[in-house]
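Chemist: mmCIF, C-alpha atoms, saved as run36.cif, coming up:
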```
data_run
loop_
_atom_site.group_PDB
_atom_site.id
_atom_site.type_symbol
_atom_site.label_atom_id
_atom_site.label_comp_id
_atom_site.auth_asym_id
_atom_site.auth_seq_id
_atom_site.Cartn_x
_atom_site.Cartn_y
_atom_site.Cartn_z
ATOM 1 C CA MET U 1 2.445 -37.098 94.300
ATOM 2 C CA ILE U 2 -0.464 -39.471 93.877
ATOM 3 C CA ASP U 3 -0.422 -43.266 93.963
ATOM 4 C CA PHE U 4 -3.949 -44.297 93.089
ATOM 5 C CA HIS U 5 -3.389 -48.050 93.149
ATOM 6 C CA CYS U 6 -1.052 -49.550 95.726
ATOM 7 C CA HIS U 7 -1.164 -52.770 97.763
ATOM 8 C CA LEU U 8 0.208 -51.041 100.826
ATOM 9 C CA ASP U 9 -0.556 -53.947 103.158
ATOM 10 C CA LEU U 10 1.418 -56.416 101.035
ATOM 11 C CA TYR U 11 4.855 -54.810 101.273
ATOM 12 C CA PRO U 12 7.231 -56.717 103.594
ATOM 13 C CA ASP U 13 7.136 -53.783 106.041
ATOM 14 C CA PRO U 14 3.915 -51.881 105.327
ATOM 15 C CA HIS U 15 4.287 -49.581 108.335
ATOM 16 C CA ALA U 16 7.668 -48.359 107.123
ATOM 17 C CA VAL U 17 6.274 -47.749 103.637
ATOM 18 C CA ARG U 18 3.285 -45.944 105.158
ATOM 19 C CA ASP U 19 5.561 -43.732 107.238
ATOM 20 C CA GLU U 20 7.694 -42.865 104.215
ATOM 21 C CA CYS U 21 4.571 -41.975 102.221
ATOM 22 C CA LEU U 22 3.517 -39.619 104.986
ATOM 23 C CA ARG U 23 6.984 -38.076 105.133
ATOM 24 C CA ARG U 24 7.018 -37.524 101.369
ATOM 25 C CA LYS U 25 3.356 -36.463 101.308
ATOM 26 C CA VAL U 26 2.313 -39.116 98.798
ATOM 27 C CA TYR U 27 -1.455 -39.489 98.481
ATOM 28 C CA VAL U 28 -2.118 -43.246 98.419
ATOM 29 C CA LEU U 29 -5.156 -45.307 97.548
ATOM 30 C CA SER U 30 -4.413 -48.543 99.374
ATOM 31 C CA VAL U 31 -6.358 -51.271 97.568
ATOM 32 C CA THR U 32 -7.244 -54.601 99.147
ATOM 33 C CA THR U 33 -7.518 -58.030 97.558
ATOM 34 C CA THR U 34 -10.085 -59.458 99.996
ATOM 35 C CA PRO U 35 -12.745 -57.984 102.295
ATOM 36 C CA SER U 36 -11.127 -59.762 105.241
ATOM 37 C CA ALA U 37 -8.047 -57.560 104.722
ATOM 38 C CA TRP U 38 -10.114 -54.402 105.197
ATOM 39 C CA HIS U 39 -9.703 -53.802 108.925
ATOM 40 C CA GLY U 40 -5.963 -54.452 108.995
ATOM 41 C CA THR U 41 -5.381 -52.257 105.955
ATOM 42 C CA THR U 42 -7.526 -49.390 107.208
ATOM 43 C CA ALA U 43 -5.470 -49.446 110.406
ATOM 44 C CA LEU U 44 -2.452 -48.440 108.298
ATOM 45 C CA ALA U 45 -4.319 -45.307 107.270
ATOM 46 C CA ALA U 46 -5.567 -44.391 110.729
ATOM 47 C CA LYS U 47 -5.508 -40.633 111.380
ATOM 48 C CA SER U 48 -4.025 -39.931 107.959
ATOM 49 C CA GLU U 49 -5.636 -37.503 105.528
ATOM 50 C CA ILE U 50 -3.603 -38.682 102.548
ATOM 51 C CA ILE U 51 -3.948 -42.462 102.744
ATOM 52 C CA ARG U 52 -7.299 -43.951 101.813
ATOM 53 C CA THR U 53 -8.336 -47.600 101.740
ATOM 54 C CA ALA U 54 -10.346 -49.312 99.018
ATOM 55 C CA LEU U 55 -12.544 -52.335 99.674
ATOM 56 C CA GLY U 56 -11.836 -55.078 97.156
ATOM 57 C CA LEU U 57 -12.058 -58.679 96.059
ATOM 58 C CA HIS U 58 -9.410 -59.393 93.439
ATOM 59 C CA PRO U 59 -10.511 -61.460 90.415
ATOM 60 C CA GLN U 60 -7.541 -63.790 90.808
ATOM 61 C CA VAL U 61 -8.872 -64.979 94.175
ATOM 62 C CA ALA U 62 -12.600 -64.676 93.411
ATOM 63 C CA HIS U 63 -13.041 -68.455 93.297
ATOM 64 C CA GLU U 64 -11.429 -68.834 96.734
ATOM 65 C CA ARG U 65 -12.971 -65.839 98.483
ATOM 66 C CA ARG U 66 -16.462 -65.409 97.070
ATOM 67 C CA SER U 67 -17.755 -66.428 100.507
ATOM 68 C CA GLU U 68 -16.504 -63.017 101.686
ATOM 69 C CA LEU U 69 -19.105 -61.160 99.628
ATOM 70 C CA THR U 70 -21.323 -60.985 102.713
ATOM 71 C CA LEU U 71 -18.525 -59.161 104.503
ATOM 72 C CA PHE U 72 -18.048 -56.934 101.450
ATOM 73 C CA ASP U 73 -21.733 -55.959 101.598
ATOM 74 C CA ALA U 74 -21.435 -55.084 105.275
ATOM 75 C CA LEU U 75 -18.355 -52.907 104.719
ATOM 76 C CA ILE U 76 -19.327 -50.976 101.599
ATOM 77 C CA PRO U 77 -21.026 -48.139 103.554
ATOM 78 C CA GLU U 78 -17.658 -47.362 105.180
ATOM 79 C CA THR U 79 -15.823 -46.233 102.027
ATOM 80 C CA ARG U 80 -16.206 -44.356 98.762
ATOM 81 C CA TYR U 81 -13.420 -46.466 97.194
ATOM 82 C CA ILE U 82 -13.756 -49.991 95.811
ATOM 83 C CA GLY U 83 -10.773 -51.993 94.564
ATOM 84 C CA GLU U 84 -9.120 -54.048 93.486
ATOM 85 C CA ILE U 85 -11.976 -55.618 91.556
ATOM 86 C CA GLY U 86 -12.524 -56.716 87.964
ATOM 87 C CA LEU U 87 -11.823 -59.650 85.666
ATOM 88 C CA ASP U 88 -8.659 -61.493 84.638
ATOM 89 C CA GLY U 89 -8.605 -63.394 81.352
ATOM 90 C CA ALA U 90 -5.098 -64.817 81.672
ATOM 91 C CA HIS U 91 -4.862 -68.546 80.959
ATOM 92 C CA GLU U 92 -4.230 -69.610 84.553
ATOM 93 C CA PHE U 93 -7.371 -67.812 85.783
ATOM 94 C CA ARG U 94 -9.684 -68.476 82.843
ATOM 95 C CA LYS U 95 -10.961 -71.696 84.415
ATOM 96 C CA TYR U 96 -12.422 -69.599 87.238
ATOM 97 C CA TRP U 97 -14.174 -67.217 84.852
ATOM 98 C CA ARG U 98 -17.697 -67.933 86.105
ATOM 99 C CA ASP U 99 -16.672 -67.183 89.669
ATOM 100 C CA GLN U 100 -14.954 -63.986 88.563
ATOM 101 C CA VAL U 101 -18.014 -62.791 86.660
ATOM 102 C CA SER U 102 -20.359 -63.680 89.511
ATOM 103 C CA VAL U 103 -18.249 -61.750 92.032
ATOM 104 C CA PHE U 104 -17.755 -58.750 89.720
ATOM 105 C CA GLU U 105 -21.469 -58.513 88.955
ATOM 106 C CA HIS U 106 -22.332 -58.725 92.651
ATOM 107 C CA ILE U 107 -19.901 -55.929 93.504
ATOM 108 C CA LEU U 108 -21.085 -53.663 90.682
ATOM 109 C CA SER U 109 -24.683 -54.222 91.742
ATOM 110 C CA LYS U 110 -23.907 -53.332 95.353
ATOM 111 C CA CYS U 111 -21.990 -50.229 94.268
ATOM 112 C CA ARG U 112 -25.001 -49.112 92.254
ATOM 113 C CA GLU U 113 -27.346 -49.737 95.179
ATOM 114 C CA ALA U 114 -25.013 -47.674 97.384
ATOM 115 C CA GLY U 115 -25.225 -44.689 95.028
ATOM 116 C CA GLY U 116 -21.951 -45.237 93.167
ATOM 117 C CA ARG U 117 -18.347 -45.621 94.186
ATOM 118 C CA ILE U 118 -14.884 -44.822 92.806
ATOM 119 C CA MET U 119 -13.712 -48.204 91.536
ATOM 120 C CA SER U 120 -10.129 -49.298 90.820
ATOM 121 C CA ILE U 121 -10.544 -52.028 88.225
ATOM 122 C CA HIS U 122 -8.330 -54.845 86.967
ATOM 123 C CA SER U 123 -8.903 -55.801 83.310
ATOM 124 C CA ARG U 124 -5.898 -57.874 82.212
ATOM 125 C CA ARG U 125 -6.797 -59.740 78.996
ATOM 126 C CA ALA U 126 -10.433 -58.982 79.804
ATOM 127 C CA ALA U 127 -10.949 -55.360 78.789
ATOM 128 C CA ALA U 128 -13.957 -55.976 76.533
ATOM 129 C CA ALA U 129 -15.700 -58.108 79.168
ATOM 130 C CA VAL U 130 -15.053 -55.524 81.888
ATOM 131 C CA LEU U 131 -16.517 -52.801 79.680
ATOM 132 C CA ASP U 132 -19.549 -54.980 78.914
ATOM 133 C CA HIS U 133 -20.250 -55.255 82.620
ATOM 134 C CA LEU U 134 -19.735 -51.552 83.239
ATOM 135 C CA GLU U 135 -22.334 -50.893 80.564
ATOM 136 C CA ASP U 136 -24.728 -53.420 82.108
ATOM 137 C CA PHE U 137 -24.289 -51.870 85.570
ATOM 138 C CA SER U 138 -24.393 -48.190 84.696
ATOM 139 C CA GLY U 139 -24.678 -46.121 87.844
ATOM 140 C CA SER U 140 -22.206 -48.261 89.769
ATOM 141 C CA GLY U 141 -19.800 -45.330 89.949
ATOM 142 C CA THR U 142 -16.635 -44.045 88.294
ATOM 143 C CA PRO U 143 -14.376 -46.773 86.899
ATOM 144 C CA VAL U 144 -10.636 -46.152 87.114
ATOM 145 C CA LEU U 145 -9.000 -48.750 84.879
ATOM 146 C CA HIS U 146 -5.732 -49.668 86.532
ATOM 147 C CA TRP U 147 -2.775 -50.519 84.228
ATOM 148 C CA PHE U 148 -5.086 -50.711 81.207
ATOM 149 C CA SER U 149 -3.658 -52.982 78.485
ATOM 150 C CA GLY U 150 -6.558 -53.487 76.099
ATOM 151 C CA ASN U 151 -6.447 -52.643 72.401
ATOM 152 C CA LEU U 152 -7.199 -49.240 70.899
ATOM 153 C CA ARG U 153 -10.817 -50.184 70.189
ATOM 154 C CA ASP U 154 -11.283 -51.128 73.844
ATOM 155 C CA LEU U 155 -9.645 -47.870 74.864
ATOM 156 C CA GLU U 156 -11.938 -45.773 72.687
ATOM 157 C CA ARG U 157 -14.937 -47.579 74.140
ATOM 158 C CA ALA U 158 -13.682 -47.076 77.693
ATOM 159 C CA ILE U 159 -13.309 -43.358 77.024
ATOM 160 C CA ARG U 160 -16.876 -43.165 75.691
ATOM 161 C CA LEU U 161 -18.093 -44.918 78.839
ATOM 162 C CA GLY U 162 -16.445 -42.256 81.023
ATOM 163 C CA CYS U 163 -13.664 -44.421 82.406
ATOM 164 C CA TRP U 164 -10.596 -42.976 84.069
ATOM 165 C CA PHE U 165 -7.129 -44.529 83.968
ATOM 166 C CA SER U 166 -4.295 -45.000 86.467
ATOM 167 C CA VAL U 167 -0.856 -45.446 84.936
ATOM 168 C CA GLY U 168 2.450 -46.300 86.564
ATOM 169 C CA PRO U 169 6.156 -46.367 85.818
ATOM 170 C CA ALA U 170 6.135 -50.100 85.011
ATOM 171 C CA MET U 171 3.337 -49.645 82.463
ATOM 172 C CA LEU U 172 5.193 -46.759 80.865
ATOM 173 C CA THR U 173 8.320 -48.808 80.194
ATOM 174 C CA SER U 174 6.521 -50.474 77.258
ATOM 175 C CA GLU U 175 5.845 -48.933 73.875
ATOM 176 C CA ASN U 176 2.274 -50.239 73.998
ATOM 177 C CA GLY U 177 1.716 -48.551 77.350
ATOM 178 C CA LYS U 178 2.997 -45.255 75.978
ATOM 179 C CA LYS U 179 0.823 -45.570 72.871
ATOM 180 C CA LEU U 180 -2.269 -46.128 74.995
ATOM 181 C CA VAL U 181 -1.478 -43.167 77.243
ATOM 182 C CA GLN U 182 -1.171 -40.920 74.200
ATOM 183 C CA ARG U 183 -4.822 -41.710 73.405
ATOM 184 C CA MET U 184 -6.168 -41.339 76.953
ATOM 185 C CA PRO U 185 -7.869 -38.053 77.964
ATOM 186 C CA ARG U 186 -5.310 -36.179 80.045
ATOM 187 C CA GLU U 187 -8.019 -34.928 82.396
ATOM 188 C CA ARG U 188 -8.875 -38.526 83.339
ATOM 189 C CA ILE U 189 -5.405 -39.852 84.148
ATOM 190 C CA LEU U 190 -4.009 -40.560 87.609
ATOM 191 C CA THR U 191 -0.658 -42.071 88.570
ATOM 192 C CA GLU U 192 -0.170 -45.381 90.374
ATOM 193 C CA SER U 193 2.578 -47.726 91.535
ATOM 194 C CA ASP U 194 0.805 -51.118 91.731
ATOM 195 C CA GLY U 195 3.483 -51.940 94.265
ATOM 196 C CA PRO U 196 4.738 -54.296 95.452
ATOM 197 C CA PHE U 197 3.554 -56.408 92.486
ATOM 198 C CA ALA U 198 4.875 -54.070 89.789
ATOM 199 C CA GLN U 199 8.653 -54.078 89.534
ATOM 200 C CA LEU U 200 11.391 -51.985 87.973
ATOM 201 C CA ASN U 201 14.853 -53.464 87.528
ATOM 202 C CA GLY U 202 13.816 -56.441 89.639
ATOM 203 C CA GLU U 203 12.746 -54.311 92.609
ATOM 204 C CA PRO U 204 9.194 -53.573 93.803
ATOM 205 C CA VAL U 205 7.829 -50.201 92.753
ATOM 206 C CA MET U 206 7.317 -47.948 95.766
ATOM 207 C CA PRO U 207 4.516 -45.362 96.040
ATOM 208 C CA TRP U 208 6.927 -42.441 95.649
ATOM 209 C CA HIS U 209 8.195 -43.923 92.392
ATOM 210 C CA VAL U 210 5.108 -42.422 90.759
ATOM 211 C CA GLU U 211 7.466 -39.511 90.196
ATOM 212 C CA ARG U 212 8.971 -41.639 87.408
ATOM 213 C CA ALA U 213 5.550 -41.905 85.808
ATOM 214 C CA ILE U 214 5.252 -38.136 85.967
ATOM 215 C CA HIS U 215 8.529 -37.800 84.074
ATOM 216 C CA GLU U 216 7.372 -40.329 81.467
ATOM 217 C CA LEU U 217 4.111 -38.426 81.016
ATOM 218 C CA SER U 218 6.125 -35.240 80.741
ATOM 219 C CA ALA U 219 8.010 -36.695 77.781
ATOM 220 C CA ILE U 220 4.839 -38.039 76.148
ATOM 221 C CA TRP U 221 2.854 -34.816 76.563
ATOM 222 C CA LEU U 222 5.764 -32.417 75.996
ATOM 223 C CA LEU U 223 5.030 -30.648 79.257
ATOM 224 C CA SER U 224 7.244 -29.901 82.231
ATOM 225 C CA PRO U 225 7.122 -32.404 85.112
ATOM 226 C CA ASP U 226 5.711 -29.671 87.359
ATOM 227 C CA LYS U 227 2.823 -29.057 84.964
ATOM 228 C CA VAL U 228 2.125 -32.777 84.748
ATOM 229 C CA ALA U 229 2.165 -33.123 88.531
ATOM 230 C CA ASN U 230 -0.252 -30.197 88.868
ATOM 231 C CA MET U 231 -2.509 -31.737 86.248
ATOM 232 C CA ILE U 232 -2.605 -35.073 88.100
ATOM 233 C CA ASP U 233 -3.373 -33.264 91.362
ATOM 234 C CA ASN U 234 -6.225 -31.394 89.686
ATOM 235 C CA ASN U 235 -7.544 -34.620 88.192
ATOM 236 C CA LEU U 236 -7.745 -36.234 91.611
ATOM 237 C CA ARG U 237 -9.466 -33.177 93.026
ATOM 238 C CA SER U 238 -12.002 -33.298 90.206
ATOM 239 C CA LEU U 239 -12.684 -36.994 90.762
ATOM 240 C CA LEU U 240 -13.193 -36.565 94.501
ATOM 241 C CA GLU U 241 -15.402 -33.492 94.127
ATOM 242 C CA HIS U 242 -17.655 -35.439 91.805
ATOM 243 C CA HIS U 243 -18.187 -38.078 94.510
ATOM 244 C CA VAL U 244 -18.187 -35.876 97.606
ATOM 245 C CA SER U 245 -21.927 -36.144 98.070
ATOM 246 C CA ARG U 246 -22.250 -39.795 97.118
ATOM 247 C CA ILE U 247 -21.805 -41.260 100.634
#
```
Would you mind writing the file out in structure tokens?

Modeler:
Amino acid sequence: MIDFHCHLDLYPDPHAVRDECLRRKVYVLSVTTTPSAWHGTTALAAKSEIIRTALGLHPQVAHERRSELTLFDALIPETRYIGEIGLDGAHEFRKYWRDQVSVFEHILSKCREAGGRIMSIHSRRAAAAVLDHLEDFSGSGTPVLHWFSGNLRDLERAIRLGCWFSVGPAMLTSENGKKLVQRMPRERILTESDGPFAQLNGEPVMPWHVERAIHELSAIWLLSPDKVANMIDNNLRSLLEHHVSRI
């Protein structure tokens, strides 16, 4: 199982969740919301081959934490993964749009200078703007659009730009989420939890709940769950092989 977008450090007991992921052999990309969270979050993945940490600065806190960009620049050589980054166009964050754009552009520029990174990207109510910036900063790496919720035109554009997509069980509870997944290239889809923020039945989604996403994809694609799981595994392998020589 693969959870390609999880806030492992933000669960109430992250060590217990980490241990359960190791027991169940769940590959986890543990994204961070601020550069200052990097060292504590990487400690959760110490000596593990299946938990990786992404260096991020979440758009919802960009206006509060842009001073940490210097730390971001210092840490980027340590990882091939960047996230969570992006833009958020929701009403409550729109007033910080300039800060969001400034931070996102800085990060994309640094990723390009570093030779490209695998980037887990937030694009809520901002898909077109995110894609504009990915076009402007070509060479920044491989974008993986987490919980993509743009319209079909945005989706078609994202596909043309070479974006990947991470989808989770919470996303796949909606008809719109299912419709988008039907249009996404199967060879560019990974599973995610977005836990503990994403919830199912009022409870935080756990990394191993990506199995539910596999069953939803099975129904959408008319394939057995085992075939879907193998496909997701192969997709991750393909993504990593493409970046193996980047850093």

Chemist: Given all atoms listed in the file as the basis, pick out the residue of U:Asp194, U:Glu105, U:Glu156, U:Glu84 nearest to Asp136 in chain U.

Modeler: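 So, comparing all the options, the nearest one is U:Glu105.
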
Chemist: To test your reading of the syntax: which residues would the PyMOL selection byres ((chain U and resi 46-62) around 6) return for the file shown? Reply as a PyMOL selection string.

Modeler: chain U and resi 27-35+42-45+63-66+81-87+100

Chemist: What would the selection look like, as a VMD selection string, if the PyMOL selection byres ((chain U and resi 133) around 12) were run on the coordinates I just shared?

Modeler: chain U and resid 86 to 87 100 to 109 121 123 126 to 132 134 to 140 143 158 161

Chemist: Specify as a ChimeraX atom specification each residue included when the PyMOL selection byres ((chain U and resi 117) around 8) is applied to this file.

Modeler: /U:80-82,111-112,114-116,118-119,140-142,243,246

Chemist: Looking at U:Arg186, U:His242, U:Arg18, U:Arg24, which one is nearest to Val210 in chain U, with distances taken over only C-alpha atoms?

Modeler: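 Residue with the minimum atom-to-atom distance to Val210 in chain U: U:Arg24.
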